[in-house]
>>> print(open('my_file_4.cif').read())   # mmCIF, C-alpha atoms
data_target
#
loop_
_atom_site.group_PDB
_atom_site.id
_atom_site.type_symbol
_atom_site.label_atom_id
_atom_site.label_comp_id
_atom_site.auth_asym_id
_atom_site.auth_seq_id
_atom_site.Cartn_x
_atom_site.Cartn_y
_atom_site.Cartn_z
ATOM 1 C CA MET Q 1 160.247 5.224 -148.767
ATOM 2 C CA ILE Q 2 157.215 7.499 -148.882
ATOM 3 C CA ASN Q 3 156.589 9.847 -145.951
ATOM 4 C CA LEU Q 4 153.221 9.686 -144.217
ATOM 5 C CA ARG Q 5 151.328 12.887 -143.529
ATOM 6 C CA ILE Q 6 147.780 12.954 -142.149
ATOM 7 C CA GLU Q 7 146.330 16.424 -141.644
ATOM 8 C CA PRO Q 8 144.734 17.228 -138.272
ATOM 9 C CA THR Q 9 141.002 17.608 -137.596
ATOM 10 C CA ALA Q 10 139.138 18.816 -134.478
ATOM 11 C CA LYS Q 11 139.394 15.279 -133.069
ATOM 12 C CA THR Q 12 142.482 13.808 -134.685
ATOM 13 C CA PRO Q 13 146.139 14.836 -134.609
ATOM 14 C CA LEU Q 14 148.607 15.856 -137.261
ATOM 15 C CA ILE Q 15 150.670 12.787 -138.049
ATOM 16 C CA PHE Q 16 153.912 13.267 -139.922
ATOM 17 C CA CYS Q 17 156.258 10.332 -140.352
ATOM 18 C CA ASN Q 18 159.421 11.412 -142.153
ATOM 19 C CA ALA Q 19 161.704 8.608 -143.325
ATOM 20 C CA GLU Q 20 164.587 10.947 -144.301
ATOM 21 C CA THR Q 21 164.852 12.660 -140.903
ATOM 22 C CA GLY Q 22 163.568 9.747 -138.785
ATOM 23 C CA ILE Q 23 161.122 12.125 -137.071
ATOM 24 C CA ILE Q 24 157.667 10.823 -136.258
ATOM 25 C CA LEU Q 25 155.390 13.630 -135.078
ATOM 26 C CA LEU Q 26 152.024 13.388 -133.336
ATOM 27 C CA GLU Q 27 150.529 16.804 -132.659
ATOM 28 C CA GLY Q 28 147.140 18.168 -131.583
ATOM 29 C CA ARG Q 29 144.202 16.137 -130.289
ATOM 30 C CA SER Q 30 143.560 12.454 -130.469
ATOM 31 C CA ILE Q 31 139.997 11.754 -129.412
ATOM 32 C CA PRO Q 32 138.472 9.784 -132.310
ATOM 33 C CA GLU Q 33 135.781 7.162 -131.638
ATOM 34 C CA ASN Q 34 137.745 4.694 -133.786
ATOM 35 C CA SER Q 35 141.326 5.152 -132.583
ATOM 36 C CA ALA Q 36 142.566 1.737 -133.725
ATOM 37 C CA GLU Q 37 141.432 2.408 -137.301
ATOM 38 C CA TYR Q 38 142.906 5.892 -137.212
ATOM 39 C CA PHE Q 39 146.344 4.696 -136.136
ATOM 40 C CA GLN Q 40 146.545 1.777 -138.587
ATOM 41 C CA PRO Q 41 148.412 3.784 -141.291
ATOM 42 C CA VAL Q 42 151.030 4.741 -138.668
ATOM 43 C CA TYR Q 43 151.523 1.100 -137.673
ATOM 44 C CA ASP Q 44 151.861 0.140 -141.356
ATOM 45 C CA TRP Q 45 154.340 2.958 -142.014
ATOM 46 C CA ILE Q 46 156.535 1.979 -139.035
ATOM 47 C CA ASP Q 47 156.428 -1.707 -140.026
ATOM 48 C CA ASP Q 48 157.879 -0.632 -143.368
ATOM 49 C CA TYR Q 49 160.292 1.958 -141.902
ATOM 50 C CA VAL Q 50 161.981 -0.535 -139.566
ATOM 51 C CA ASN Q 51 163.385 -2.379 -142.603
ATOM 52 C CA THR Q 52 165.570 0.586 -143.620
ATOM 53 C CA PRO Q 53 165.409 3.075 -140.754
ATOM 54 C CA ASN Q 54 167.339 6.296 -140.232
ATOM 55 C CA ALA Q 55 170.299 5.922 -137.831
ATOM 56 C CA LYS Q 56 168.282 8.041 -135.399
ATOM 57 C CA THR Q 57 164.534 7.969 -134.858
ATOM 58 C CA ASP Q 58 162.776 10.684 -132.892
ATOM 59 C CA PHE Q 59 159.139 10.220 -131.806
ATOM 60 C CA GLN Q 60 157.774 13.637 -130.851
ATOM 61 C CA VAL Q 61 154.448 13.727 -129.040
ATOM 62 C CA LYS Q 62 152.791 17.140 -128.625
ATOM 63 C CA LEU Q 63 149.245 16.283 -127.630
ATOM 64 C CA GLU Q 64 146.711 18.583 -126.021
ATOM 65 C CA TYR Q 65 144.153 15.847 -125.411
ATOM 66 C CA PHE Q 66 143.875 12.142 -126.002
ATOM 67 C CA ASN Q 67 141.232 9.589 -125.092
ATOM 68 C CA THR Q 68 141.887 6.237 -123.440
ATOM 69 C CA SER Q 69 141.619 4.237 -126.656
ATOM 70 C CA SER Q 70 144.249 6.510 -128.266
ATOM 71 C CA SER Q 71 146.544 5.826 -125.318
ATOM 72 C CA LYS Q 72 146.590 2.140 -126.281
ATOM 73 C CA CYS Q 73 147.404 3.096 -129.860
ATOM 74 C CA ILE Q 74 150.257 5.378 -128.758
ATOM 75 C CA LEU Q 75 151.605 2.492 -126.675
ATOM 76 C CA ASN Q 76 151.466 0.244 -129.771
ATOM 77 C CA VAL Q 77 153.559 2.793 -131.675
ATOM 78 C CA LEU Q 78 156.002 2.966 -128.762
ATOM 79 C CA LYS Q 79 156.316 -0.833 -128.612
ATOM 80 C CA LYS Q 80 157.157 -0.963 -132.314
ATOM 81 C CA LEU Q 81 159.810 1.703 -131.745
ATOM 82 C CA GLU Q 82 161.107 -0.153 -128.681
ATOM 83 C CA ASN Q 83 161.666 -3.225 -130.872
ATOM 84 C CA LEU Q 84 163.450 -1.057 -133.442
ATOM 85 C CA HIS Q 85 165.683 0.433 -130.732
ATOM 86 C CA GLY Q 86 166.394 -3.047 -129.359
ATOM 87 C CA SER Q 87 167.371 -4.319 -132.820
ATOM 88 C CA GLY Q 88 170.246 -1.805 -132.901
ATOM 89 C CA LYS Q 89 169.260 -0.601 -136.381
ATOM 90 C CA SER Q 90 168.227 2.847 -135.144
ATOM 91 C CA SER Q 91 168.755 4.805 -131.951
ATOM 92 C CA VAL Q 92 165.263 5.819 -130.846
ATOM 93 C CA GLU Q 93 164.382 8.731 -128.584
ATOM 94 C CA ILE Q 94 160.984 9.860 -127.356
ATOM 95 C CA HIS Q 95 160.221 13.544 -126.758
ATOM 96 C CA TRP Q 96 157.012 13.935 -124.776
ATOM 97 C CA PHE Q 97 155.857 17.569 -124.710
ATOM 98 C CA PHE Q 98 153.259 18.856 -122.254
ATOM 99 C CA GLU Q 99 151.934 22.259 -121.245
ATOM 100 C CA GLU Q 100 153.527 23.255 -117.949
ATOM 101 C CA ASP Q 101 150.458 23.078 -115.695
ATOM 102 C CA ASP Q 102 148.963 20.014 -117.398
ATOM 103 C CA GLU Q 103 149.717 17.399 -114.764
ATOM 104 C CA ASP Q 104 147.448 14.826 -116.447
ATOM 105 C CA MET Q 105 149.499 14.963 -119.666
ATOM 106 C CA GLN Q 106 152.723 14.833 -117.663
ATOM 107 C CA GLU Q 107 151.477 11.744 -115.782
ATOM 108 C CA ALA Q 108 150.439 10.148 -119.070
ATOM 109 C CA GLY Q 109 154.010 10.549 -120.305
ATOM 110 C CA GLN Q 110 155.294 8.976 -117.086
ATOM 111 C CA ASP Q 111 152.975 5.980 -117.661
ATOM 112 C CA PHE Q 112 154.590 5.306 -121.033
ATOM 113 C CA ASP Q 113 158.082 5.943 -119.658
ATOM 114 C CA VAL Q 114 157.507 3.250 -117.005
ATOM 115 C CA ILE Q 115 156.222 0.702 -119.538
ATOM 116 C CA ILE Q 116 158.670 1.353 -122.380
ATOM 117 C CA SER Q 117 162.447 1.042 -122.196
ATOM 118 C CA ILE Q 118 163.564 3.689 -124.711
ATOM 119 C CA PRO Q 119 165.228 7.011 -123.764
ATOM 120 C CA PHE Q 120 162.234 9.171 -122.834
ATOM 121 C CA LYS Q 121 162.490 12.940 -122.432
ATOM 122 C CA MET Q 122 159.674 14.896 -120.830
ATOM 123 C CA ILE Q 123 159.589 18.480 -122.006
ATOM 124 C CA SER Q 124 157.467 21.122 -120.299
ATOM 125 C CA ILE Q 125 156.503 24.064 -122.497
ATOM 126 C CA ASN Q 126 154.505 27.200 -121.793
ATOM 127 C CA GLN Q 127 151.718 26.572 -124.300
ATOM 128 C CA PHE Q 128 151.289 24.623 -127.521
ATOM 129 C CA GLU Q 129 151.063 26.694 -130.674
ATOM 130 C CA LYS Q 130 147.515 26.760 -132.011
ATOM 131 C CA ASN Q 131 147.169 25.690 -135.632
ATOM 132 C CA MET Y 1 100.908 -1.617 -132.989
ATOM 133 C CA VAL Y 2 100.293 -0.680 -129.359
ATOM 134 C CA ASN Y 3 102.475 -3.575 -128.231
ATOM 135 C CA GLN Y 4 105.280 -2.538 -130.560
ATOM 136 C CA LEU Y 5 105.145 1.057 -129.387
ATOM 137 C CA THR Y 6 104.795 0.386 -125.684
ATOM 138 C CA PRO Y 7 108.477 -0.329 -124.888
ATOM 139 C CA LEU Y 8 109.518 2.765 -126.838
ATOM 140 C CA ILE Y 9 107.023 4.960 -124.984
ATOM 141 C CA VAL Y 10 108.150 3.511 -121.651
ATOM 142 C CA ILE Y 11 111.786 4.226 -122.549
ATOM 143 C CA ILE Y 12 111.137 7.799 -123.753
ATOM 144 C CA PHE Y 13 108.837 8.526 -120.800
ATOM 145 C CA GLY Y 14 111.438 7.051 -118.466
ATOM 146 C CA VAL Y 15 114.217 9.199 -119.930
ATOM 147 C CA VAL Y 16 112.060 12.340 -119.635
ATOM 148 C CA LEU Y 17 111.334 11.525 -115.981
ATOM 149 C CA ILE Y 18 114.994 10.872 -115.250
ATOM 150 C CA PHE Y 19 115.966 14.072 -117.068
ATOM 151 C CA ASN Y 20 113.451 16.122 -115.032
ATOM 152 C CA ASN Y 21 114.742 14.518 -111.873
ATOM 153 C CA HIS Y 22 118.276 15.294 -113.027
ATOM 154 C CA ILE Y 23 117.445 18.961 -113.768
ATOM 155 C CA ASN Y 24 116.038 19.241 -110.231
ATOM 156 C CA LYS Y 25 119.379 17.986 -108.906
ATOM 157 C CA LEU Y 26 121.122 20.814 -110.765
ATOM 158 C CA LYS Y 27 119.110 23.553 -109.028
ATOM 159 C CA GLY Y 28 121.504 26.316 -108.035
ATOM 160 C CA HIS Y 29 124.239 24.983 -110.340
ATOM 161 C CA ASP Y 30 125.865 27.177 -112.966
ATOM 162 C CA ILE Y 31 125.004 25.008 -116.001
ATOM 163 C CA ILE Y 32 127.561 24.906 -118.821
ATOM 164 C CA ILE Y 33 125.663 22.366 -120.908
ATOM 165 C CA SER Y 34 122.645 20.158 -120.368
ATOM 166 C CA PHE Y 35 121.390 17.776 -123.030
ATOM 167 C CA SER Y 36 118.670 15.172 -123.371
ATOM 168 C CA GLY Y 37 118.112 13.294 -126.608
ATOM 169 C CA LYS Y 38 119.836 11.098 -129.128
ATOM 170 C CA LEU Y 39 123.610 11.119 -129.171
ATOM 171 C CA ASP Y 40 125.093 10.915 -132.650
ATOM 172 C CA VAL Y 41 128.567 11.979 -133.789
ATOM 173 C CA GLU Y 42 127.338 15.480 -134.663
ATOM 174 C CA VAL Y 43 125.812 16.088 -131.205
ATOM 175 C CA LEU Y 44 128.944 14.693 -129.571
ATOM 176 C CA ASN Y 45 131.256 16.936 -131.620
ATOM 177 C CA ASN Y 46 129.119 20.055 -131.107
ATOM 178 C CA ALA Y 47 128.822 19.423 -127.367
ATOM 179 C CA LEU Y 48 132.607 19.201 -127.021
ATOM 180 C CA VAL Y 49 133.092 22.457 -128.961
ATOM 181 C CA VAL Y 50 130.500 24.285 -126.806
ATOM 182 C CA VAL Y 51 131.873 22.973 -123.520
ATOM 183 C CA GLU Y 52 135.469 23.825 -124.402
ATOM 184 C CA LYS Y 53 134.499 27.327 -125.554
ATOM 185 C CA LYS Y 54 132.480 28.007 -122.391
ATOM 186 C CA LEU Y 55 135.217 26.670 -120.124
ATOM 187 C CA LEU Y 56 137.868 28.782 -121.858
ATOM 188 C CA GLU Y 57 135.690 31.866 -121.308
ATOM 189 C CA ARG Y 58 135.867 31.300 -117.552
ATOM 190 C CA ASP Y 59 138.747 32.440 -115.395
ATOM 191 C CA LEU Y 60 139.861 28.859 -114.842
ATOM 192 C CA PRO Y 61 143.392 27.396 -114.949
ATOM 193 C CA LEU Y 62 143.866 25.557 -118.236
ATOM 194 C CA LYS Y 63 144.561 22.274 -116.451
ATOM 195 C CA TYR Y 64 140.956 22.166 -115.185
ATOM 196 C CA THR Y 65 139.527 22.967 -118.611
ATOM 197 C CA LYS Y 66 141.527 20.071 -120.034
ATOM 198 C CA LYS Y 67 140.560 17.738 -117.198
ATOM 199 C CA ILE Y 68 136.838 18.479 -117.548
ATOM 200 C CA TYR Y 69 136.999 18.184 -121.334
ATOM 201 C CA ASN Y 70 138.874 14.885 -121.149
ATOM 202 C CA VAL Y 71 136.467 13.388 -118.618
ATOM 203 C CA LEU Y 72 133.482 14.476 -120.708
ATOM 204 C CA VAL Y 73 135.040 12.881 -123.803
ATOM 205 C CA GLU Y 74 135.315 9.563 -121.938
ATOM 206 C CA CYS Y 75 131.708 9.786 -120.685
ATOM 207 C CA LEU Y 76 130.273 10.574 -124.125
ATOM 208 C CA GLN Y 77 132.386 8.008 -125.916
ATOM 209 C CA ASN Y 78 131.321 5.428 -123.336
ATOM 210 C CA ILE Y 79 127.709 6.147 -124.291
ATOM 211 C CA PHE Y 80 128.655 5.961 -127.947
ATOM 212 C CA HIS Y 81 130.405 2.604 -127.614
ATOM 213 C CA HIS Y 82 128.305 0.876 -124.946
ATOM 214 C CA GLY Y 83 124.837 2.510 -124.849
ATOM 215 C CA ILE Y 84 121.823 0.800 -126.430
ATOM 216 C CA LYS Y 85 121.393 2.253 -129.897
ATOM 217 C CA ASP Y 86 118.313 2.689 -132.072
ATOM 218 C CA GLU Y 87 118.014 1.569 -135.714
ATOM 219 C CA ASN Y 88 120.033 4.648 -136.809
ATOM 220 C CA GLY Y 89 122.891 3.867 -134.470
ATOM 221 C CA ASP Y 90 122.062 6.725 -132.069
ATOM 222 C CA ALA Y 91 121.907 6.317 -128.286
ATOM 223 C CA GLU Y 92 119.216 7.949 -126.098
ATOM 224 C CA CYS Y 93 121.065 9.788 -123.372
ATOM 225 C CA ILE Y 94 121.335 12.746 -121.050
ATOM 226 C CA PHE Y 95 124.442 14.608 -120.015
ATOM 227 C CA SER Y 96 125.404 17.829 -118.313
ATOM 228 C CA VAL Y 97 128.388 19.818 -117.102
ATOM 229 C CA SER Y 98 127.780 22.277 -114.291
ATOM 230 C CA PHE Y 99 129.563 24.160 -111.530
ATOM 231 C CA PHE Y 100 128.426 24.258 -107.912
ATOM 232 C CA GLU Y 101 130.242 24.962 -104.641
ATOM 233 C CA ASN Y 102 133.778 24.886 -106.050
ATOM 234 C CA LYS Y 103 133.198 21.667 -107.951
ATOM 235 C CA PHE Y 104 132.506 20.840 -111.563
ATOM 236 C CA HIS Y 105 129.855 18.147 -111.930
ATOM 237 C CA ILE Y 106 129.681 15.924 -114.977
ATOM 238 C CA TYR Y 107 126.605 13.741 -115.326
ATOM 239 C CA SER Y 108 125.942 11.289 -118.118
ATOM 240 C CA GLY Y 109 123.233 8.698 -118.515
ATOM 241 C CA ASN Y 110 122.293 6.114 -121.110
ATOM 242 C CA LEU Y 111 120.405 2.872 -121.550
ATOM 243 C CA ILE Y 112 122.181 -0.417 -121.074
ATOM 244 C CA PRO Y 113 120.852 -3.992 -121.068
ATOM 245 C CA ASN Y 114 120.205 -5.319 -117.542
ATOM 246 C CA SER Y 115 122.525 -8.213 -118.395
ATOM 247 C CA ILE Y 116 125.599 -5.944 -118.081
ATOM 248 C CA SER Y 117 124.525 -3.750 -115.144
ATOM 249 C CA GLN Y 118 125.948 -6.200 -112.601
ATOM 250 C CA SER Y 119 129.391 -6.225 -114.237
ATOM 251 C CA ILE Y 120 129.426 -2.412 -114.549
ATOM 252 C CA ASN Y 121 128.482 -2.169 -110.877
ATOM 253 C CA GLN Y 122 131.374 -4.486 -109.947
ATOM 254 C CA LYS Y 123 133.865 -2.652 -112.165
ATOM 255 C CA ILE Y 124 133.071 0.790 -110.760
ATOM 256 C CA SER Y 125 132.877 -0.459 -107.175
ATOM 257 C CA SER Y 126 136.302 -2.051 -107.452
ATOM 258 C CA VAL Y 127 137.791 1.122 -109.033
ATOM 259 C CA ASN Y 128 136.254 3.214 -106.236
ATOM 260 C CA LYS Y 129 138.000 1.058 -103.619
ATOM 261 C CA LEU Y 130 141.466 1.808 -105.052
ATOM 262 C CA THR Y 131 143.783 4.393 -103.518
ATOM 263 C CA GLU Y 132 145.341 7.071 -105.745
ATOM 264 C CA ASP Y 133 148.553 5.020 -106.183
ATOM 265 C CA GLU Y 134 146.636 1.801 -106.823
ATOM 266 C CA VAL Y 135 144.607 3.526 -109.570
ATOM 267 C CA VAL Y 136 147.845 4.567 -111.290
ATOM 268 C CA ASN Y 137 149.291 1.038 -111.063
ATOM 269 C CA GLN Y 138 146.081 -0.584 -112.282
ATOM 270 C CA TYR Y 139 145.828 1.948 -115.124
ATOM 271 C CA ARG Y 140 149.364 1.093 -116.276
ATOM 272 C CA LYS Y 141 148.627 -2.623 -116.076
ATOM 273 C CA VAL Y 142 145.480 -2.359 -118.226
ATOM 274 C CA LEU Y 143 147.198 0.071 -120.616
ATOM 275 C CA ASP Y 144 149.991 -2.466 -121.135
ATOM 276 C CA ASN Y 145 147.638 -5.386 -121.886
ATOM 277 C CA GLY Y 146 147.116 -3.920 -125.361
ATOM 278 C CA ILE Y 147 143.482 -4.961 -125.680
ATOM 279 C CA ILE Y 148 140.918 -2.779 -127.479
ATOM 280 C CA SER Y 149 137.464 -4.386 -127.500
ATOM 281 C CA ASP Y 150 135.514 -4.810 -130.750
ATOM 282 C CA LYS Y 151 133.321 -1.951 -129.495
ATOM 283 C CA GLY Y 152 136.413 0.283 -129.349
ATOM 284 C CA GLY Y 153 136.687 0.278 -125.544
ATOM 285 C CA SER Y 154 140.106 0.283 -123.889
ATOM 286 C CA GLY Y 155 139.048 -0.999 -120.456
ATOM 287 C CA LEU Y 156 140.604 2.186 -119.049
ATOM 288 C CA GLY Y 157 137.531 4.448 -118.947
ATOM 289 C CA PHE Y 158 136.518 4.130 -115.278
ATOM 290 C CA LEU Y 159 140.156 4.082 -114.104
ATOM 291 C CA ASP Y 160 140.783 7.242 -116.122
ATOM 292 C CA MET Y 161 137.693 8.933 -114.650
ATOM 293 C CA LYS Y 162 138.735 8.164 -111.080
ATOM 294 C CA ARG Y 163 142.345 9.125 -111.763
ATOM 295 C CA LYS Y 164 141.573 12.456 -113.442
ATOM 296 C CA THR Y 165 138.742 13.545 -111.123
ATOM 297 C CA LYS Y 166 140.563 12.306 -107.982
ATOM 298 C CA ASN Y 167 137.107 11.468 -106.633
ATOM 299 C CA ASN Y 168 135.009 8.339 -106.457
ATOM 300 C CA ILE Y 169 132.694 7.646 -109.382
ATOM 301 C CA GLY Y 170 129.030 8.124 -108.490
ATOM 302 C CA PHE Y 171 126.600 5.858 -110.307
ATOM 303 C CA GLU Y 172 122.987 4.718 -110.271
ATOM 304 C CA PHE Y 173 120.840 2.303 -112.237
ATOM 305 C CA PHE Y 174 117.150 2.930 -112.997
ATOM 306 C CA PRO Y 175 115.705 -0.382 -114.214
ATOM 307 C CA SER Y 176 112.975 -0.278 -116.873
ATOM 308 C CA GLY Y 177 111.959 -3.686 -118.272
ATOM 309 C CA ASP Y 178 114.919 -5.492 -119.847
ATOM 310 C CA ASN Y 179 117.054 -2.351 -119.747
ATOM 311 C CA SER Y 180 118.334 0.093 -117.179
ATOM 312 C CA PHE Y 181 119.131 3.751 -117.377
ATOM 313 C CA PHE Y 182 122.716 4.017 -116.162
ATOM 314 C CA MET Y 183 123.769 7.372 -114.657
ATOM 315 C CA LEU Y 184 127.348 8.427 -113.972
ATOM 316 C CA ASN Y 185 128.104 11.342 -111.675
ATOM 317 C CA LEU Y 186 131.653 12.710 -111.618
ATOM 318 C CA THR Y 187 132.998 15.650 -109.666
ATOM 319 C CA ILE Y 188 136.184 17.664 -110.065
ATOM 320 C CA ASN Y 189 137.224 19.836 -107.136
ATOM 321 C CA ILE Y 190 138.609 23.244 -108.045
ATOM 322 C CA LYS Y 191 141.375 24.382 -105.742
ATOM 323 C CA SER Y 192 141.990 28.099 -105.753
#
>>> encode(input="my_file_4.cif", output="structure tokens")
Amino acid sequence: MINLRIEPTAKTPLIFCNAETGIILLEGRSIPENSAEYFQPVYDWIDDYVNTPNAKTDFQVKLEYFNTSSSKCILNVLKKLENLHGSGKSSVEIHWFFEEDDEDMQEAGQDFDVIISIPFKMISINQFEKN
Amino acid sequence: MVNQLTPLIVIIFGVVLIFNNHINKLKGHDIIISFSGKLDVEVLNNALVVVEKKLLERDLPLKYTKKIYNVLVECLQNIFHHGIKDENGDAECIFSVSFFENKFHIYSGNLIPNSISQSINQKISSVNKLTEDEVVNQYRKVLDNGIISDKGGSGLGFLDMKRKTKNNIGFEFFPSGDNSFFMLNLTINIKS
């Protein structure tokens, strides 16, 4: 299947969904006014991917900022991946990266960890690389 | 002609008065940005760039820069999604970010129809009554309901503001005819 790559802007993240490696990457900032529209291609890609997924799927989130409407979209992605994990077709892991003193981003990861039942790893890093 | 123009003049005059009143409130503050006018996507984007740049220039832990930026994003996008818009889709508003006595102050104001002021009042009042733990639980509950309104709202905005600022949300309504000017006042304490 075709990989999905959406380049980042000042208000939207890099999205890279790679069917061969099973890595789904969300990196940068997600503060668009129209989050639901922005995330639609990701939903569509995952809906297709779940038919023939990689044995392992790794959702990597490296966000500096996101707005509240993006948080609902991220949860939608996570729920799709939770269903995939539950189906047994792919073993899904979440890697939630946050800058070490960013307690808000750490708490945001904990919110998703509480709601979603997929292995969820919180990873503290010194600072995100600037693109 | 006079009748058609009158509401517009009242609104503009009202906003100018509120802005002047607001500027008076900021006396002594170190002002990072202060804006009065129409909010379109360009103004919103430029304001965020300016505020981030000015915050990064300060000797401030990154977590506060991110907190202030995030809260401002929610305030401005609230105006964008819920404020009364003119024929071009722009919303008359004021906003500012300033620093005073170890606190960052974020003000934003926009016009809303009187018909929704009561429900906004109730929403903020109920969020203000929640303890820190209750805000987190309520946030997770609303996050998990999956609803995004047709205006693009998540229903999380006020909960997010209270959670990130760790302070109650200040708010005021200034009625003018069928509409009200709705002011939000958020503060973030800086701990050294």
>>> closest_residue(input="my_file_4.cif", among="Q:Asn18, Q:Asn34, Q:Ser91, Q:Asn83", to="Q:Arg5", atoms="all atoms listed in the file")
Q:Asn18
>>> residues_around(input="my_file_4.cif", residues="Y:Val51", least_positions_apart="2", cutoff="9 Å", atoms="only C-alpha atoms", output="tab-separated table (two decimals) with C-alpha atoms, in the frame of the given file")
chain	number	residue	atom	x	y	z
Y	32	ILE	CA	127.56	24.91	-118.82
Y	33	ILE	CA	125.66	22.37	-120.91
Y	46	ASN	CA	129.12	20.06	-131.11
Y	47	ALA	CA	128.82	19.42	-127.37
Y	48	LEU	CA	132.61	19.20	-127.02
Y	49	VAL	CA	133.09	22.46	-128.96
Y	53	LYS	CA	134.50	27.33	-125.55
Y	54	LYS	CA	132.48	28.01	-122.39
Y	55	LEU	CA	135.22	26.67	-120.12
Y	56	LEU	CA	137.87	28.78	-121.86
Y	68	ILE	CA	136.84	18.48	-117.55
Y	69	TYR	CA	137.00	18.18	-121.33
Y	97	VAL	CA	128.39	19.82	-117.10
>>> resolve_selection(input="my_file_4.cif", expression="the PyMOL selection byres ((chain Y and resi 19-26) around 10)", output="ChimeraX atom specification")
/Y:13-18,27-31,34-37,93-100,105,107,109,183
>>> resolve_selection(input="my_file_4.cif", expression="the PyMOL selection byres ((chain Q) within 8 of (chain Y))", output="list in words")
Ile31, Glu33, Asn34, Ser35, Ala36, Tyr65, Phe66, Asn67, Thr68, Ser69, Ser71, Lys72, Leu75, Asn76, Asp101, Asp102, Glu103, Asp104, Asp111 and Ile115 of chain Q
>>> resolve_selection(input="my_file_4.cif", expression="the PyMOL selection byres ((chain Q and resi 28) around 8)", output="PDB file with C-alpha atoms, in the coordinates of the input")
ATOM      1  CA  PRO Q   8     144.734  17.228-138.272  1.00  0.00           C
ATOM      2  CA  THR Q  12     142.482  13.808-134.685  1.00  0.00           C
ATOM      3  CA  PRO Q  13     146.139  14.836-134.609  1.00  0.00           C
ATOM      4  CA  LEU Q  14     148.607  15.856-137.261  1.00  0.00           C
ATOM      5  CA  LEU Q  26     152.024  13.388-133.336  1.00  0.00           C
ATOM      6  CA  GLU Q  27     150.529  16.804-132.659  1.00  0.00           C
ATOM      7  CA  ARG Q  29     144.202  16.137-130.289  1.00  0.00           C
ATOM      8  CA  SER Q  30     143.560  12.454-130.469  1.00  0.00           C
ATOM      9  CA  LYS Q  62     152.791  17.140-128.625  1.00  0.00           C
ATOM     10  CA  LEU Q  63     149.245  16.283-127.630  1.00  0.00           C
ATOM     11  CA  GLU Q  64     146.711  18.583-126.021  1.00  0.00           C
ATOM     12  CA  TYR Q  65     144.153  15.847-125.411  1.00  0.00           C
TER      13      TYR Q  65
END
>>> atom_distance(input="my_file_4.cif", atom1="atom CA of Q:Trp96", atom2="atom CA of Q:Ile123")
5.9 Å
>>> atom_distance(input="my_file_4.cif", atom1="atom CA of Q:Glu100", atom2="atom CA of Y:Glu57")
20.1 Å
>>> axis_aligned_box(input="my_file_4.cif", around="stretch 125-137 of chain Y", padding_each_side="6 Å", output="AutoDock Vina command-line options")
--center_x 141.1 --center_y 2.5 --center_z -107.4 --size_x 28.4 --size_y 21.1 --size_z 19.8
>>> atom_distance(input="my_file_4.cif", atom1="atom CA of Q:Leu4", atom2="atom CA of Q:Asp48")
11.4 Å
>>> residues_near_point(input="my_file_4.cif", point="(136.6, 17.4, -105.4)", cutoff="8 Å", atoms="all atoms listed in the file", output="PyMOL selection string")
chain Y and resi 103+165-167+187-190
>>> closest_residue(input="my_file_4.cif", among="Q:Gln106, Q:Asn3, Q:Ser70, Q:Thr9", to="Q:Asp44", atoms="only C-alpha atoms")
Q:Asn3
>>> residues_around(input="my_file_4.cif", residues="Q:Ile125", least_positions_apart="4", cutoff="8 Å", atoms="all atoms listed in the file", output="number ranges by chain")
Q: 97-100
